[in-house]
Amino acid sequence: MAIGDATGGLSTSGGIYFTGIGSGTDFSTMIDKLVSVEQTRVATYQTWKQTWADKNTALKSLNTTLLSLRTTLQGMDTMNEFLKKTATSSDTDVLTATATGAADTGTCTFTVKQLAKNKVMVTTSGYSSLTQDINQTQATAKFVYTYKGVTVSNSIPAAATLTDLVNILDAQSSNTGIRASTIYDGSKYYLQFRGLDTGAASDLVISSASTLSGFTSSDFQTTQKNQDALLKLNGWPAASDAYISRASNTVSDLVDGVTMYLKSSGAGTITTETDVDSVVENVSSFVTKINTVITELQDLTKYDSTNKQGSILTGNYSLQMISDVINNITGAVGKGFSTKRDIYSSLSPLGLSTDADEGSDTFGQIVFDEDTFRAVMASNALAVGKIFSAQYLGDTDSSECTYTSFVDGITKAGTYSVNYTVSGGKLTSATINGHQATFSSNSNTITGMYGYDEGGMVLTVNDFTDGTYVNTAYVREGKFTEMVDELGDLTNSTSGPITIIENNYDDIQTNIQKKIDNENVRIAEMAQHLKDQYSRLDTLLGKYSQIQTSLSSQITQLSSS
């Protein structure tokens, strides 16, 4: 320990620097122990602050787990994504096919007469070298063509080579949709000129305005004619010489949800089936992810009744809110679903249930019975897809009034009571869920008022017989779709409950740090005060010691004399 001015109690380093030089008393150790006692409060504050930091760390981890679940569900929260289908061709040499969830299961026949092709042209005369001069006029010539009705003119400089011509045609931005290249037959090089698009409308013509010798319209031969694909589907068109025509060999607008890739002429069948294995994989992925969330919630909020000790976030209301949301979604009837009208209105009949056995290792988690699920998929896959991934799929309980549309982000899923009156063959009043609805006496539509859950929902009245009508409209939202929405709210980086709690905990830590800083200042001031105080005491005791020594010496002298 450094030694400074024993009377001032200060040193340049600010440390405790004396050890009772004047009196022989170890004041430094005494001061250290007094300061150490005061620092226990700082240690208590630091432990307290770390507790809140640990809570925030746990909340951030939970938020990450929830976001991971949401990301997984976003990949399967539509019917097309969840209810995957496969399309199998009986002759893959003729065509192959793929299917989305929108495809109907079943079989259709096809006959392909011809494929769609692009136009290809090659010069009739060749050149002995790629660097041979093809424009010997010593003046700029033109190479002009028309592709898909658009005429493009290219300037070919004097002494240009065949390679130069290819580069000009391929490099200039105006030459879109075409490609030029060279072909070598073993002795000469030829220019191949082709359109990139297939179909009868993608014609390529060398213009009569071309002035480049050897590359005018009469100097090319057509090696492949552009044409449409021709095919029949389920025997239609019926006439033997009639076909469906498409400009591309990729055909996606003939069978809903099915895309056909034509390979050659021929005939066969396409069978569309539900890809049960992929659907099972979707559900298994969901169960794994949500059980991870449930387990993390349990670990963060558990209470040890034996030791009467709670976990780090026991009693936290945001975690209870998250748990309630998950339990409600997985256990309750789906929004807008009817136990009477829908084949499946909740997840439990599909083989997904909550383990209620408190002694089980999976207590509180979702248990997936794959055999049950596969059985219900075989029975009615579409109904299964609806309860998982319907997105505002609506209908009504009567043909008198039908569901037409909704406004994304405005209309809420749910069950709605629809009341309206027809008088004189016109609508005269209308309400949805008791709220005034918008309608026109000259129209057959009823629209939900904005500001209510039914806002933007449009219903169509089909029966204008005078009378008062009472119907029910159902706007369905699947469990995955509902959970994506709820998780979006829970994990919102601005207004989500986890973010709010994290911000509160940050504020608490900031306030505790202020207490720590204040305590450190107080303790430092106290230490300095003690150093000053004991330094003066040490000086005084040193003086008394000197006096005592002097008196003892005098007494000794008196005694000896």
# chains A, B, ... in the order shown; residues from 1 in each chain; ligands from 1
$ residues_around --residues "stretch 524-530 of chain A" --least-positions-apart "2" --cutoff "8 Å" --atoms "only C-alpha atoms" --output "mmCIF file with N, CA and C atoms, in the first residue's frame"
data_model
loop_
_atom_site.group_PDB
_atom_site.id
_atom_site.type_symbol
_atom_site.label_atom_id
_atom_site.label_comp_id
_atom_site.auth_asym_id
_atom_site.auth_seq_id
_atom_site.Cartn_x
_atom_site.Cartn_y
_atom_site.Cartn_z
ATOM 1 N N GLY A 9 -4.166 12.759 4.669
ATOM 2 C CA GLY A 9 -5.114 11.671 4.402
ATOM 3 C C GLY A 9 -5.384 11.475 2.927
ATOM 4 N N LEU A 10 -4.590 12.021 2.031
ATOM 5 C CA LEU A 10 -4.797 11.901 0.591
ATOM 6 C C LEU A 10 -3.512 11.408 -0.063
ATOM 7 N N ILE A 31 -10.291 0.728 7.963
ATOM 8 C CA ILE A 31 -11.098 1.449 6.974
ATOM 9 C C ILE A 31 -11.596 0.491 5.895
ATOM 10 N N VAL A 35 -15.469 -0.079 4.867
ATOM 11 C CA VAL A 35 -15.941 0.101 3.488
ATOM 12 C C VAL A 35 -16.577 -1.186 2.973
ATOM 13 N N ASN A 520 -21.959 3.861 -4.666
ATOM 14 C CA ASN A 520 -20.511 3.922 -4.880
ATOM 15 C C ASN A 520 -19.961 5.306 -4.563
ATOM 16 N N VAL A 521 -20.722 6.335 -4.955
ATOM 17 C CA VAL A 521 -20.299 7.703 -4.626
ATOM 18 C C VAL A 521 -20.299 7.904 -3.116
ATOM 19 N N ARG A 522 -21.377 7.448 -2.455
ATOM 20 C CA ARG A 522 -21.466 7.608 -0.985
ATOM 21 C C ARG A 522 -20.334 6.870 -0.276
ATOM 22 N N ASP A 532 -9.394 10.782 6.085
ATOM 23 C CA ASP A 532 -9.051 12.091 6.652
ATOM 24 C C ASP A 532 -9.138 12.051 8.175
ATOM 25 N N GLN A 533 -10.215 11.445 8.652
ATOM 26 C CA GLN A 533 -10.463 11.411 10.102
ATOM 27 C C GLN A 533 -9.378 10.613 10.835
ATOM 28 N N TYR A 534 -9.097 9.415 10.317
ATOM 29 C CA TYR A 534 -8.111 8.583 10.998
ATOM 30 C C TYR A 534 -6.688 9.084 10.777
#
$ select_by_dssp --residues "stretch 44-224 of chain A" --states "alpha helix (DSSP H)" --output "ChimeraX atom specification"
/A:44-74,79-82,162-171
$ residues_around --residues "A:Leu59" --least-positions-apart "6" --cutoff "12 Å" --atoms "only C-alpha atoms" --output "list of chain:residue names"
A:Trp52, A:Ala53, A:Thr65, A:Leu66, A:Val293, A:Glu296, A:Leu297, A:Leu300, A:Thr301, A:Ile312, A:Leu313, A:Asn316, A:Ser318, A:Leu319, A:Ile322, A:Leu490, A:Thr491, A:Gly496, A:Pro497, A:Ile498, A:Thr499, A:Ile500, A:Ile501, A:Glu502, A:Asn503, A:Asn504, A:Tyr505, A:Asp506
$ write_last_selection --atoms "C-alpha atoms" --output "mmCIF file, in the first residue's frame"
data_model
loop_
_atom_site.group_PDB
_atom_site.id
_atom_site.type_symbol
_atom_site.label_atom_id
_atom_site.label_comp_id
_atom_site.auth_asym_id
_atom_site.auth_seq_id
_atom_site.Cartn_x
_atom_site.Cartn_y
_atom_site.Cartn_z
ATOM 1 C CA TRP A 52 -33.911 -8.584 -13.868
ATOM 2 C CA ALA A 53 -31.269 -9.011 -16.572
ATOM 3 C CA THR A 65 -38.850 -19.406 -29.944
ATOM 4 C CA LEU A 66 -42.228 -17.818 -30.697
ATOM 5 C CA VAL A 293 -42.820 -23.137 -26.773
ATOM 6 C CA GLU A 296 -40.096 -23.207 -22.364
ATOM 7 C CA LEU A 297 -43.174 -21.582 -20.810
ATOM 8 C CA LEU A 300 -39.926 -20.307 -16.924
ATOM 9 C CA THR A 301 -43.084 -20.327 -14.774
ATOM 10 C CA ILE A 312 -37.355 -16.980 -12.911
ATOM 11 C CA LEU A 313 -40.670 -15.747 -14.392
ATOM 12 C CA ASN A 316 -45.351 -13.100 -15.044
ATOM 13 C CA SER A 318 -47.223 -11.805 -20.219
ATOM 14 C CA LEU A 319 -46.261 -15.472 -20.101
ATOM 15 C CA ILE A 322 -49.087 -16.338 -24.172
ATOM 16 C CA LEU A 490 -47.411 -11.194 -29.142
ATOM 17 C CA THR A 491 -43.965 -10.685 -30.679
ATOM 18 C CA GLY A 496 -46.145 -6.797 -28.091
ATOM 19 C CA PRO A 497 -46.463 -7.770 -24.405
ATOM 20 C CA ILE A 498 -43.000 -9.320 -24.358
ATOM 21 C CA THR A 499 -41.462 -6.091 -25.686
ATOM 22 C CA ILE A 500 -43.387 -4.029 -23.126
ATOM 23 C CA ILE A 501 -42.215 -6.255 -20.266
ATOM 24 C CA GLU A 502 -38.632 -6.197 -21.558
ATOM 25 C CA ASN A 503 -38.731 -2.392 -21.652
ATOM 26 C CA ASN A 504 -40.098 -2.307 -18.109
ATOM 27 C CA TYR A 505 -37.322 -4.621 -16.943
ATOM 28 C CA ASP A 506 -34.753 -2.425 -18.692
#
$ select_by_dssp --residues "stretch 162-233 of chain A" --states "strand (DSSP E)" --output "ChimeraX atom specification"
/A:178-184,189-195,204-206,220-224,229-233
$ write_last_selection --atoms "N, CA and C atoms" --output "PDB file, in the first residue's frame"
ATOM      1  N   ILE A 178     -34.220 -12.390 -79.090  1.00  0.00           N
ATOM      2  CA  ILE A 178     -33.585 -13.167 -80.174  1.00  0.00           C
ATOM      3  C   ILE A 178     -32.170 -13.562 -79.735  1.00  0.00           C
ATOM      4  N   ARG A 179     -31.629 -14.558 -80.433  1.00  0.00           N
ATOM      5  CA  ARG A 179     -30.232 -14.926 -80.218  1.00  0.00           C
ATOM      6  C   ARG A 179     -29.595 -15.267 -81.566  1.00  0.00           C
ATOM      7  N   ALA A 180     -28.344 -14.860 -81.693  1.00  0.00           N
ATOM      8  CA  ALA A 180     -27.563 -15.207 -82.878  1.00  0.00           C
ATOM      9  C   ALA A 180     -26.388 -16.063 -82.434  1.00  0.00           C
ATOM     10  N   SER A 181     -25.990 -16.998 -83.286  1.00  0.00           N
ATOM     11  CA  SER A 181     -24.847 -17.854 -82.977  1.00  0.00           C
ATOM     12  C   SER A 181     -24.307 -18.398 -84.289  1.00  0.00           C
ATOM     13  N   THR A 182     -23.191 -19.087 -84.217  1.00  0.00           N
ATOM     14  CA  THR A 182     -22.611 -19.678 -85.417  1.00  0.00           C
ATOM     15  C   THR A 182     -22.656 -21.201 -85.327  1.00  0.00           C
ATOM     16  N   ILE A 183     -22.780 -21.829 -86.490  1.00  0.00           N
ATOM     17  CA  ILE A 183     -22.789 -23.289 -86.590  1.00  0.00           C
ATOM     18  C   ILE A 183     -21.682 -23.690 -87.560  1.00  0.00           C
ATOM     19  N   TYR A 184     -20.903 -24.670 -87.202  1.00  0.00           N
ATOM     20  CA  TYR A 184     -19.792 -25.133 -88.051  1.00  0.00           C
ATOM     21  C   TYR A 184     -20.107 -26.542 -88.538  1.00  0.00           C
ATOM     22  N   TYR A 189     -18.676 -21.929 -91.702  1.00  0.00           N
ATOM     23  CA  TYR A 189     -19.434 -21.386 -90.570  1.00  0.00           C
ATOM     24  C   TYR A 189     -20.696 -20.709 -91.099  1.00  0.00           C
ATOM     25  N   TYR A 190     -21.824 -20.940 -90.418  1.00  0.00           N
ATOM     26  CA  TYR A 190     -23.115 -20.377 -90.800  1.00  0.00           C
ATOM     27  C   TYR A 190     -23.685 -19.577 -89.631  1.00  0.00           C
ATOM     28  N   LEU A 191     -24.516 -18.592 -89.943  1.00  0.00           N
ATOM     29  CA  LEU A 191     -25.215 -17.823 -88.909  1.00  0.00           C
ATOM     30  C   LEU A 191     -26.551 -18.489 -88.597  1.00  0.00           C
ATOM     31  N   GLN A 192     -26.750 -18.800 -87.314  1.00  0.00           N
ATOM     32  CA  GLN A 192     -28.061 -19.281 -86.864  1.00  0.00           C
ATOM     33  C   GLN A 192     -28.748 -18.127 -86.140  1.00  0.00           C
ATOM     34  N   PHE A 193     -29.982 -17.864 -86.531  1.00  0.00           N
ATOM     35  CA  PHE A 193     -30.742 -16.741 -85.981  1.00  0.00           C
ATOM     36  C   PHE A 193     -32.076 -17.299 -85.488  1.00  0.00           C
ATOM     37  N   ARG A 194     -32.385 -17.071 -84.219  1.00  0.00           N
ATOM     38  CA  ARG A 194     -33.591 -17.686 -83.658  1.00  0.00           C
ATOM     39  C   ARG A 194     -34.303 -16.763 -82.693  1.00  0.00           C
ATOM     40  N   GLY A 195     -35.626 -16.935 -82.636  1.00  0.00           N
ATOM     41  CA  GLY A 195     -36.418 -16.275 -81.604  1.00  0.00           C
ATOM     42  C   GLY A 195     -36.398 -17.125 -80.338  1.00  0.00           C
ATOM     43  N   LEU A 204     -40.493 -14.747 -86.569  1.00  0.00           N
ATOM     44  CA  LEU A 204     -39.237 -14.054 -86.822  1.00  0.00           C
ATOM     45  C   LEU A 204     -39.040 -13.974 -88.334  1.00  0.00           C
ATOM     46  N   VAL A 205     -38.894 -12.741 -88.847  1.00  0.00           N
ATOM     47  CA  VAL A 205     -38.803 -12.533 -90.300  1.00  0.00           C
ATOM     48  C   VAL A 205     -37.636 -11.601 -90.592  1.00  0.00           C
ATOM     49  N   ILE A 206     -36.803 -11.984 -91.573  1.00  0.00           N
ATOM     50  CA  ILE A 206     -35.738 -11.083 -92.035  1.00  0.00           C
ATOM     51  C   ILE A 206     -36.391 -10.066 -92.974  1.00  0.00           C
ATOM     52  N   PHE A 220     -31.697 -16.966 -96.019  1.00  0.00           N
ATOM     53  CA  PHE A 220     -31.957 -17.806 -94.842  1.00  0.00           C
ATOM     54  C   PHE A 220     -32.937 -18.920 -95.186  1.00  0.00           C
ATOM     55  N   GLN A 221     -32.765 -20.044 -94.544  1.00  0.00           N
ATOM     56  CA  GLN A 221     -33.742 -21.119 -94.610  1.00  0.00           C
ATOM     57  C   GLN A 221     -34.273 -21.378 -93.194  1.00  0.00           C
ATOM     58  N   THR A 222     -35.567 -21.675 -93.098  1.00  0.00           N
ATOM     59  CA  THR A 222     -36.183 -21.950 -91.795  1.00  0.00           C
ATOM     60  C   THR A 222     -35.956 -23.419 -91.440  1.00  0.00           C
ATOM     61  N   THR A 223     -35.226 -23.650 -90.378  1.00  0.00           N
ATOM     62  CA  THR A 223     -34.963 -25.025 -89.933  1.00  0.00           C
ATOM     63  C   THR A 223     -35.966 -25.482 -88.870  1.00  0.00           C
ATOM     64  N   GLN A 224     -36.632 -24.524 -88.231  1.00  0.00           N
ATOM     65  CA  GLN A 224     -37.695 -24.883 -87.289  1.00  0.00           C
ATOM     66  C   GLN A 224     -38.748 -23.786 -87.300  1.00  0.00           C
ATOM     67  N   ALA A 229     -48.362 -25.152 -79.006  1.00  0.00           N
ATOM     68  CA  ALA A 229     -48.618 -26.528 -78.565  1.00  0.00           C
ATOM     69  C   ALA A 229     -50.094 -26.827 -78.816  1.00  0.00           C
ATOM     70  N   LEU A 230     -50.391 -28.055 -79.210  1.00  0.00           N
ATOM     71  CA  LEU A 230     -51.770 -28.480 -79.447  1.00  0.00           C
ATOM     72  C   LEU A 230     -52.052 -29.707 -78.600  1.00  0.00           C
ATOM     73  N   LEU A 231     -53.162 -29.668 -77.847  1.00  0.00           N
ATOM     74  CA  LEU A 231     -53.486 -30.791 -76.976  1.00  0.00           C
ATOM     75  C   LEU A 231     -54.988 -30.866 -76.735  1.00  0.00           C
ATOM     76  N   LYS A 232     -55.405 -32.024 -76.276  1.00  0.00           N
ATOM     77  CA  LYS A 232     -56.780 -32.243 -75.828  1.00  0.00           C
ATOM     78  C   LYS A 232     -56.730 -32.616 -74.347  1.00  0.00           C
ATOM     79  N   LEU A 233     -57.801 -32.242 -73.625  1.00  0.00           N
ATOM     80  CA  LEU A 233     -57.902 -32.571 -72.213  1.00  0.00           C
ATOM     81  C   LEU A 233     -59.253 -33.232 -71.962  1.00  0.00           C
TER      82      LEU A 233
END
$ closest_atom_pairs --of "stretch 211-321 of chain A" --to "stretch 115-124 of chain A" --cutoff "10 Å" --atoms "only C-alpha atoms" --output "JSON lines"
{"residue": "A:Gly214", "atom": "CA", "partner": "A:Thr123", "partner_atom": "CA", "distance": 7.8}
{"residue": "A:Phe215", "atom": "CA", "partner": "A:Thr123", "partner_atom": "CA", "distance": 7.0}
{"residue": "A:Thr216", "atom": "CA", "partner": "A:Thr123", "partner_atom": "CA", "distance": 9.2}
{"residue": "A:Ser217", "atom": "CA", "partner": "A:Thr123", "partner_atom": "CA", "distance": 9.4}
{"residue": "A:Ser218", "atom": "CA", "partner": "A:Thr124", "partner_atom": "CA", "distance": 8.8}
{"residue": "A:Asp219", "atom": "CA", "partner": "A:Thr123", "partner_atom": "CA", "distance": 5.6}
{"residue": "A:Phe220", "atom": "CA", "partner": "A:Thr123", "partner_atom": "CA", "distance": 4.3}
{"residue": "A:Gln221", "atom": "CA", "partner": "A:Val122", "partner_atom": "CA", "distance": 5.5}
{"residue": "A:Thr222", "atom": "CA", "partner": "A:Met121", "partner_atom": "CA", "distance": 4.4}
{"residue": "A:Thr223", "atom": "CA", "partner": "A:Met121", "partner_atom": "CA", "distance": 5.5}
{"residue": "A:Gln224", "atom": "CA", "partner": "A:Val120", "partner_atom": "CA", "distance": 4.9}
{"residue": "A:Lys225", "atom": "CA", "partner": "A:Lys119", "partner_atom": "CA", "distance": 4.8}
{"residue": "A:Asn226", "atom": "CA", "partner": "A:Lys119", "partner_atom": "CA", "distance": 4.3}
{"residue": "A:Gln227", "atom": "CA", "partner": "A:Lys117", "partner_atom": "CA", "distance": 5.2}
{"residue": "A:Asp228", "atom": "CA", "partner": "A:Ala116", "partner_atom": "CA", "distance": 4.3}
{"residue": "A:Ala229", "atom": "CA", "partner": "A:Ala116", "partner_atom": "CA", "distance": 4.0}
{"residue": "A:Leu230", "atom": "CA", "partner": "A:Leu115", "partner_atom": "CA", "distance": 6.6}
{"residue": "A:Leu231", "atom": "CA", "partner": "A:Leu115", "partner_atom": "CA", "distance": 8.7}
{"residue": "A:Ser245", "atom": "CA", "partner": "A:Ala116", "partner_atom": "CA", "distance": 8.8}
{"residue": "A:Arg246", "atom": "CA", "partner": "A:Ala116", "partner_atom": "CA", "distance": 7.3}
{"residue": "A:Ala247", "atom": "CA", "partner": "A:Ala116", "partner_atom": "CA", "distance": 5.9}
{"residue": "A:Ser248", "atom": "CA", "partner": "A:Ala116", "partner_atom": "CA", "distance": 5.6}
{"residue": "A:Asn249", "atom": "CA", "partner": "A:Ala116", "partner_atom": "CA", "distance": 5.6}
{"residue": "A:Thr250", "atom": "CA", "partner": "A:Ala116", "partner_atom": "CA", "distance": 9.3}
{"residue": "A:Leu262", "atom": "CA", "partner": "A:Leu115", "partner_atom": "CA", "distance": 6.8}
{"residue": "A:Lys263", "atom": "CA", "partner": "A:Leu115", "partner_atom": "CA", "distance": 7.2}
{"residue": "A:Ser264", "atom": "CA", "partner": "A:Leu115", "partner_atom": "CA", "distance": 6.3}
{"residue": "A:Ser265", "atom": "CA", "partner": "A:Leu115", "partner_atom": "CA", "distance": 7.0}
$ write_last_selection --atoms "N, CA and C atoms" --output "mmCIF file, in the first residue's frame"
data_model
loop_
_atom_site.group_PDB
_atom_site.id
_atom_site.type_symbol
_atom_site.label_atom_id
_atom_site.label_comp_id
_atom_site.auth_asym_id
_atom_site.auth_seq_id
_atom_site.Cartn_x
_atom_site.Cartn_y
_atom_site.Cartn_z
ATOM 1 N N GLY A 214 -25.660 -11.368 -98.341
ATOM 2 C CA GLY A 214 -25.527 -12.706 -97.771
ATOM 3 C C GLY A 214 -26.411 -12.930 -96.565
ATOM 4 N N PHE A 215 -27.099 -11.856 -96.122
ATOM 5 C CA PHE A 215 -27.934 -11.963 -94.926
ATOM 6 C C PHE A 215 -29.297 -11.304 -95.152
ATOM 7 N N THR A 216 -29.774 -11.329 -96.374
ATOM 8 C CA THR A 216 -31.107 -10.828 -96.691
ATOM 9 C C THR A 216 -32.113 -11.961 -96.523
ATOM 10 N N SER A 217 -33.380 -11.655 -96.704
ATOM 11 C CA SER A 217 -34.429 -12.650 -96.473
ATOM 12 C C SER A 217 -34.257 -13.901 -97.334
ATOM 13 N N SER A 218 -33.723 -13.743 -98.524
ATOM 14 C CA SER A 218 -33.564 -14.888 -99.424
ATOM 15 C C SER A 218 -32.345 -15.739 -99.081
ATOM 16 N N ASP A 219 -31.528 -15.237 -98.130
ATOM 17 C CA ASP A 219 -30.301 -15.948 -97.788
ATOM 18 C C ASP A 219 -30.473 -16.866 -96.570
ATOM 19 N N PHE A 220 -31.697 -16.966 -96.019
ATOM 20 C CA PHE A 220 -31.957 -17.806 -94.842
ATOM 21 C C PHE A 220 -32.937 -18.920 -95.186
ATOM 22 N N GLN A 221 -32.765 -20.044 -94.544
ATOM 23 C CA GLN A 221 -33.742 -21.119 -94.610
ATOM 24 C C GLN A 221 -34.273 -21.378 -93.194
ATOM 25 N N THR A 222 -35.567 -21.675 -93.098
ATOM 26 C CA THR A 222 -36.183 -21.950 -91.795
ATOM 27 C C THR A 222 -35.956 -23.419 -91.440
ATOM 28 N N THR A 223 -35.226 -23.650 -90.378
ATOM 29 C CA THR A 223 -34.963 -25.025 -89.933
ATOM 30 C C THR A 223 -35.966 -25.482 -88.870
ATOM 31 N N GLN A 224 -36.632 -24.524 -88.231
ATOM 32 C CA GLN A 224 -37.695 -24.883 -87.289
ATOM 33 C C GLN A 224 -38.748 -23.786 -87.300
ATOM 34 N N LYS A 225 -39.985 -24.180 -87.533
ATOM 35 C CA LYS A 225 -41.082 -23.230 -87.590
ATOM 36 C C LYS A 225 -41.649 -22.987 -86.195
ATOM 37 N N ASN A 226 -41.933 -21.724 -85.903
ATOM 38 C CA ASN A 226 -42.572 -21.421 -84.616
ATOM 39 C C ASN A 226 -44.030 -21.871 -84.659
ATOM 40 N N GLN A 227 -44.492 -22.481 -83.581
ATOM 41 C CA GLN A 227 -45.858 -23.004 -83.545
ATOM 42 C C GLN A 227 -46.338 -23.116 -82.109
ATOM 43 N N ASP A 228 -47.665 -23.194 -81.955
ATOM 44 C CA ASP A 228 -48.287 -23.410 -80.651
ATOM 45 C C ASP A 228 -48.273 -24.887 -80.303
ATOM 46 N N ALA A 229 -48.362 -25.152 -79.006
ATOM 47 C CA ALA A 229 -48.618 -26.528 -78.565
ATOM 48 C C ALA A 229 -50.094 -26.827 -78.816
ATOM 49 N N LEU A 230 -50.391 -28.055 -79.210
ATOM 50 C CA LEU A 230 -51.770 -28.480 -79.447
ATOM 51 C C LEU A 230 -52.052 -29.707 -78.600
ATOM 52 N N LEU A 231 -53.162 -29.668 -77.847
ATOM 53 C CA LEU A 231 -53.486 -30.791 -76.976
ATOM 54 C C LEU A 231 -54.988 -30.866 -76.735
ATOM 55 N N SER A 245 -54.904 -24.789 -77.959
ATOM 56 C CA SER A 245 -53.582 -24.284 -78.340
ATOM 57 C C SER A 245 -53.021 -23.404 -77.227
ATOM 58 N N ARG A 246 -51.721 -23.545 -76.991
ATOM 59 C CA ARG A 246 -51.009 -22.713 -76.033
ATOM 60 C C ARG A 246 -49.648 -22.353 -76.610
ATOM 61 N N ALA A 247 -49.196 -21.162 -76.330
ATOM 62 C CA ALA A 247 -47.933 -20.685 -76.893
ATOM 63 C C ALA A 247 -46.724 -21.295 -76.198
ATOM 64 N N SER A 248 -46.938 -21.897 -75.020
ATOM 65 C CA SER A 248 -45.829 -22.442 -74.241
ATOM 66 C C SER A 248 -46.046 -23.927 -73.985
ATOM 67 N N ASN A 249 -44.973 -24.625 -73.702
ATOM 68 C CA ASN A 249 -45.073 -26.033 -73.323
ATOM 69 C C ASN A 249 -45.301 -26.202 -71.827
ATOM 70 N N THR A 250 -45.359 -25.092 -71.103
ATOM 71 C CA THR A 250 -45.753 -25.095 -69.698
ATOM 72 C C THR A 250 -47.180 -24.571 -69.625
ATOM 73 N N LEU A 262 -45.125 -30.040 -71.113
ATOM 74 C CA LEU A 262 -45.193 -30.885 -72.297
ATOM 75 C C LEU A 262 -43.791 -31.237 -72.784
ATOM 76 N N LYS A 263 -43.610 -32.539 -73.087
ATOM 77 C CA LYS A 263 -42.292 -33.022 -73.510
ATOM 78 C C LYS A 263 -42.283 -33.520 -74.963
ATOM 79 N N SER A 264 -43.355 -34.192 -75.371
ATOM 80 C CA SER A 264 -43.431 -34.731 -76.731
ATOM 81 C C SER A 264 -44.886 -35.059 -77.033
ATOM 82 N N SER A 265 -45.158 -35.530 -78.257
ATOM 83 C CA SER A 265 -46.520 -35.924 -78.598
ATOM 84 C C SER A 265 -46.832 -37.278 -77.970
#
$ residues_around --residues "A:Thr411" --least-positions-apart "6" --cutoff "8 Å" --atoms "only C-alpha atoms" --output "list of chain:residue names"
A:Asp453, A:Glu454, A:Gly455, A:Gly456, A:Met457
$ atom_distance --atom1 "atom CA of A:Gly106" --atom2 "atom CA of A:Glu273"
6.7 Å
